[in-house]
Amino acid sequence: MIKLHKTYIHYKNNKLYTTLNFCKVQENDIWTEAIIYKPNDCEELFIRTNKEFELKFTKKVTKK
């Protein structure tokens with residue numbers, strides 16, 4: 001399950017991204033649950049379906 005305002009790591013580029021909000025996006029004429037997120041090193045916004053986001057990102061584990 002995707003959590004808001006948490007840091008995730010992209011599987012390919014290993015960059016950090018923060019989830020901002022949930023939304024919907026149209027995919028093949030069907031509205032699908034999606035997530036809005038941004039890179040931690042700039043203010044650009046991106047959107048992916050929840051399914052794709054979960055496939056390409058892992059939650060960053062913080063050490064205590």
# chains A, B, ... in the order shown; residues from 1 in each chain; ligands from 1
$ residues_around --residues "region 18-32 of chain A" --least-positions-apart "2" --cutoff "6 Å" --atoms "only C-alpha atoms" --output "list in words"
Leu4, His5, Lys6, Thr7, Ala34, Ile35, Ile36, Tyr37 and Lys38 of chain A
$ write_last_selection --atoms "N, CA, C and O atoms" --output "short mmCIF file (atom, residue, chain, number, x, y, z; two decimals), in the first residue's frame"
data_model
loop_
_atom_site.label_atom_id
_atom_site.label_comp_id
_atom_site.auth_asym_id
_atom_site.auth_seq_id
_atom_site.Cartn_x
_atom_site.Cartn_y
_atom_site.Cartn_z
N LEU A 4 1.27 8.30 1.79
CA LEU A 4 1.54 9.68 1.40
C LEU A 4 2.65 10.29 2.24
O LEU A 4 2.84 9.93 3.40
N HIS A 5 3.36 11.23 1.62
CA HIS A 5 4.43 12.00 2.27
C HIS A 5 5.56 11.12 2.79
O HIS A 5 6.20 11.44 3.79
N LYS A 6 5.78 10.01 2.08
CA LYS A 6 6.89 9.11 2.39
C LYS A 6 7.87 9.10 1.23
O LYS A 6 7.51 9.41 0.10
N THR A 7 9.09 8.70 1.51
CA THR A 7 10.13 8.66 0.48
C THR A 7 10.23 7.26 -0.11
O THR A 7 10.25 6.27 0.61
N ALA A 34 -4.39 6.55 -9.00
CA ALA A 34 -3.02 6.98 -9.32
C ALA A 34 -2.43 7.75 -8.15
O ALA A 34 -3.12 8.07 -7.18
N ILE A 35 -1.14 8.03 -8.29
CA ILE A 35 -0.40 8.75 -7.24
C ILE A 35 0.36 9.92 -7.87
O ILE A 35 0.92 9.78 -8.96
N ILE A 36 0.36 11.05 -7.20
CA ILE A 36 1.17 12.21 -7.60
C ILE A 36 2.42 12.20 -6.72
O ILE A 36 2.32 12.03 -5.50
N TYR A 37 3.58 12.35 -7.36
CA TYR A 37 4.83 12.31 -6.59
C TYR A 37 5.84 13.27 -7.21
O TYR A 37 5.65 13.76 -8.31
N LYS A 38 6.90 13.55 -6.47
CA LYS A 38 7.93 14.48 -6.96
C LYS A 38 9.31 13.98 -6.56
O LYS A 38 9.46 13.34 -5.53
#
$ residues_around --residues "Tyr8 (chain A)" --least-positions-apart "6" --cutoff "7 Å" --atoms "only C-alpha atoms" --output "number ranges by chain"
A: 16-18, 57-60
$ select_by_dssp --residues "chain A" --states "alpha helix (DSSP H)" --output "PyMOL selection string"
chain A and resi 50-56
$ select_by_dssp --residues "chain A" --states "strand (DSSP E)" --output "number ranges by chain"
A: 7-10, 16-27, 30-39, 46-49, 57-59
$ write_last_selection --atoms "N, CA, C and O atoms" --output "short mmCIF file (atom, residue, chain, number, x, y, z; two decimals), in the first residue's frame"
data_model
loop_
_atom_site.label_atom_id
_atom_site.label_comp_id
_atom_site.auth_asym_id
_atom_site.auth_seq_id
_atom_site.Cartn_x
_atom_site.Cartn_y
_atom_site.Cartn_z
N THR A 7 9.09 8.70 1.51
CA THR A 7 10.13 8.66 0.48
C THR A 7 10.23 7.26 -0.11
O THR A 7 10.25 6.27 0.61
N TYR A 8 10.28 7.23 -1.45
CA TYR A 8 10.40 5.98 -2.19
C TYR A 8 11.61 6.06 -3.10
O TYR A 8 12.02 7.15 -3.51
N ILE A 9 12.17 4.92 -3.44
CA ILE A 9 13.35 4.83 -4.30
C ILE A 9 12.95 4.18 -5.62
O ILE A 9 12.32 3.12 -5.62
N HIS A 10 13.33 4.83 -6.73
CA HIS A 10 13.05 4.27 -8.05
C HIS A 10 13.98 3.10 -8.32
O HIS A 10 15.18 3.17 -8.05
N LEU A 16 15.49 9.44 -5.09
CA LEU A 16 14.46 9.50 -4.07
C LEU A 16 13.29 10.37 -4.54
O LEU A 16 13.49 11.43 -5.13
N TYR A 17 12.09 9.91 -4.22
CA TYR A 17 10.86 10.61 -4.60
C TYR A 17 9.91 10.60 -3.40
O TYR A 17 9.90 9.64 -2.63
N THR A 18 9.10 11.66 -3.28
CA THR A 18 8.14 11.75 -2.20
C THR A 18 6.73 11.73 -2.77
O THR A 18 6.43 12.47 -3.72
N THR A 19 5.87 10.91 -2.19
CA THR A 19 4.48 10.84 -2.62
C THR A 19 3.73 12.04 -2.03
O THR A 19 3.93 12.40 -0.86
N LEU A 20 2.86 12.65 -2.84
CA LEU A 20 2.17 13.86 -2.41
C LEU A 20 0.67 13.69 -2.22
O LEU A 20 0.10 14.20 -1.26
N ASN A 21 0.02 13.00 -3.17
CA ASN A 21 -1.43 12.89 -3.09
C ASN A 21 -1.92 11.78 -4.01
O ASN A 21 -1.23 11.39 -4.95
N PHE A 22 -3.13 11.32 -3.73
CA PHE A 22 -3.77 10.34 -4.60
C PHE A 22 -4.64 11.08 -5.61
O PHE A 22 -5.11 12.18 -5.34
N CYS A 23 -4.86 10.46 -6.75
CA CYS A 23 -5.70 11.04 -7.79
C CYS A 23 -6.19 9.92 -8.69
O CYS A 23 -6.04 8.75 -8.37
N LYS A 24 -6.75 10.29 -9.83
CA LYS A 24 -7.15 9.30 -10.84
C LYS A 24 -6.56 9.73 -12.16
O LYS A 24 -6.35 10.91 -12.42
N VAL A 25 -6.28 8.75 -13.00
CA VAL A 25 -5.75 8.99 -14.33
C VAL A 25 -6.49 8.05 -15.28
O VAL A 25 -6.84 6.93 -14.91
N GLN A 26 -6.73 8.54 -16.49
CA GLN A 26 -7.41 7.70 -17.46
C GLN A 26 -6.41 6.84 -18.21
O GLN A 26 -5.44 7.34 -18.76
N GLU A 27 -6.66 5.54 -18.21
CA GLU A 27 -5.78 4.58 -18.87
C GLU A 27 -6.66 3.69 -19.74
O GLU A 27 -7.51 2.96 -19.21
N ILE A 30 -10.36 4.10 -19.16
CA ILE A 30 -10.87 3.68 -17.86
C ILE A 30 -10.15 4.49 -16.78
O ILE A 30 -8.92 4.59 -16.79
N TRP A 31 -10.93 5.06 -15.86
CA TRP A 31 -10.32 5.81 -14.77
C TRP A 31 -9.69 4.85 -13.77
O TRP A 31 -10.33 3.90 -13.33
N THR A 32 -8.43 5.12 -13.43
CA THR A 32 -7.64 4.24 -12.57
C THR A 32 -7.05 5.05 -11.42
O THR A 32 -6.70 6.22 -11.58
N GLU A 33 -6.94 4.41 -10.26
CA GLU A 33 -6.32 5.06 -9.10
C GLU A 33 -4.86 5.37 -9.44
O GLU A 33 -4.17 4.55 -10.05
N ALA A 34 -4.39 6.55 -9.00
CA ALA A 34 -3.02 6.98 -9.32
C ALA A 34 -2.43 7.75 -8.15
O ALA A 34 -3.12 8.07 -7.18
N ILE A 35 -1.14 8.03 -8.29
CA ILE A 35 -0.40 8.75 -7.24
C ILE A 35 0.36 9.92 -7.87
O ILE A 35 0.92 9.78 -8.96
N ILE A 36 0.36 11.05 -7.20
CA ILE A 36 1.17 12.21 -7.60
C ILE A 36 2.42 12.20 -6.72
O ILE A 36 2.32 12.03 -5.50
N TYR A 37 3.58 12.35 -7.36
CA TYR A 37 4.83 12.31 -6.59
C TYR A 37 5.84 13.27 -7.21
O TYR A 37 5.65 13.76 -8.31
N LYS A 38 6.90 13.55 -6.47
CA LYS A 38 7.93 14.48 -6.96
C LYS A 38 9.31 13.98 -6.56
O LYS A 38 9.46 13.34 -5.53
N PRO A 39 10.30 14.31 -7.40
CA PRO A 39 11.68 13.99 -7.02
C PRO A 39 12.08 14.85 -5.81
O PRO A 39 11.62 15.98 -5.67
N PHE A 46 5.00 14.40 -10.96
CA PHE A 46 4.78 13.27 -11.84
C PHE A 46 3.55 12.50 -11.37
O PHE A 46 3.15 12.62 -10.21
N ILE A 47 3.00 11.69 -12.25
CA ILE A 47 1.85 10.87 -11.91
C ILE A 47 2.02 9.49 -12.53
O ILE A 47 2.54 9.37 -13.64
N ARG A 48 1.64 8.47 -11.80
CA ARG A 48 1.64 7.09 -12.30
C ARG A 48 0.43 6.39 -11.70
O ARG A 48 -0.05 6.77 -10.63
N THR A 49 -0.01 5.35 -12.35
CA THR A 49 -1.04 4.52 -11.73
C THR A 49 -0.45 3.89 -10.48
O THR A 49 0.77 3.69 -10.39
N PHE A 57 8.79 1.32 -7.64
CA PHE A 57 9.33 2.01 -6.47
C PHE A 57 9.28 1.13 -5.24
O PHE A 57 8.38 0.31 -5.08
N THR A 58 10.26 1.33 -4.36
CA THR A 58 10.22 0.69 -3.04
C THR A 58 10.34 1.77 -1.98
O THR A 58 11.02 2.79 -2.18
N LYS A 59 9.68 1.54 -0.87
CA LYS A 59 9.69 2.52 0.21
C LYS A 59 11.07 2.55 0.85
O LYS A 59 11.67 1.50 1.11
#
$ atom_distance --atom1 "CA of Lys63 (chain A)" --atom2 "CA of Lys51 (chain A)"
26.9 Å
$ atom_distance --atom1 "CA of Leu45 (chain A)" --atom2 "CA of Val61 (chain A)"
22.7 Å
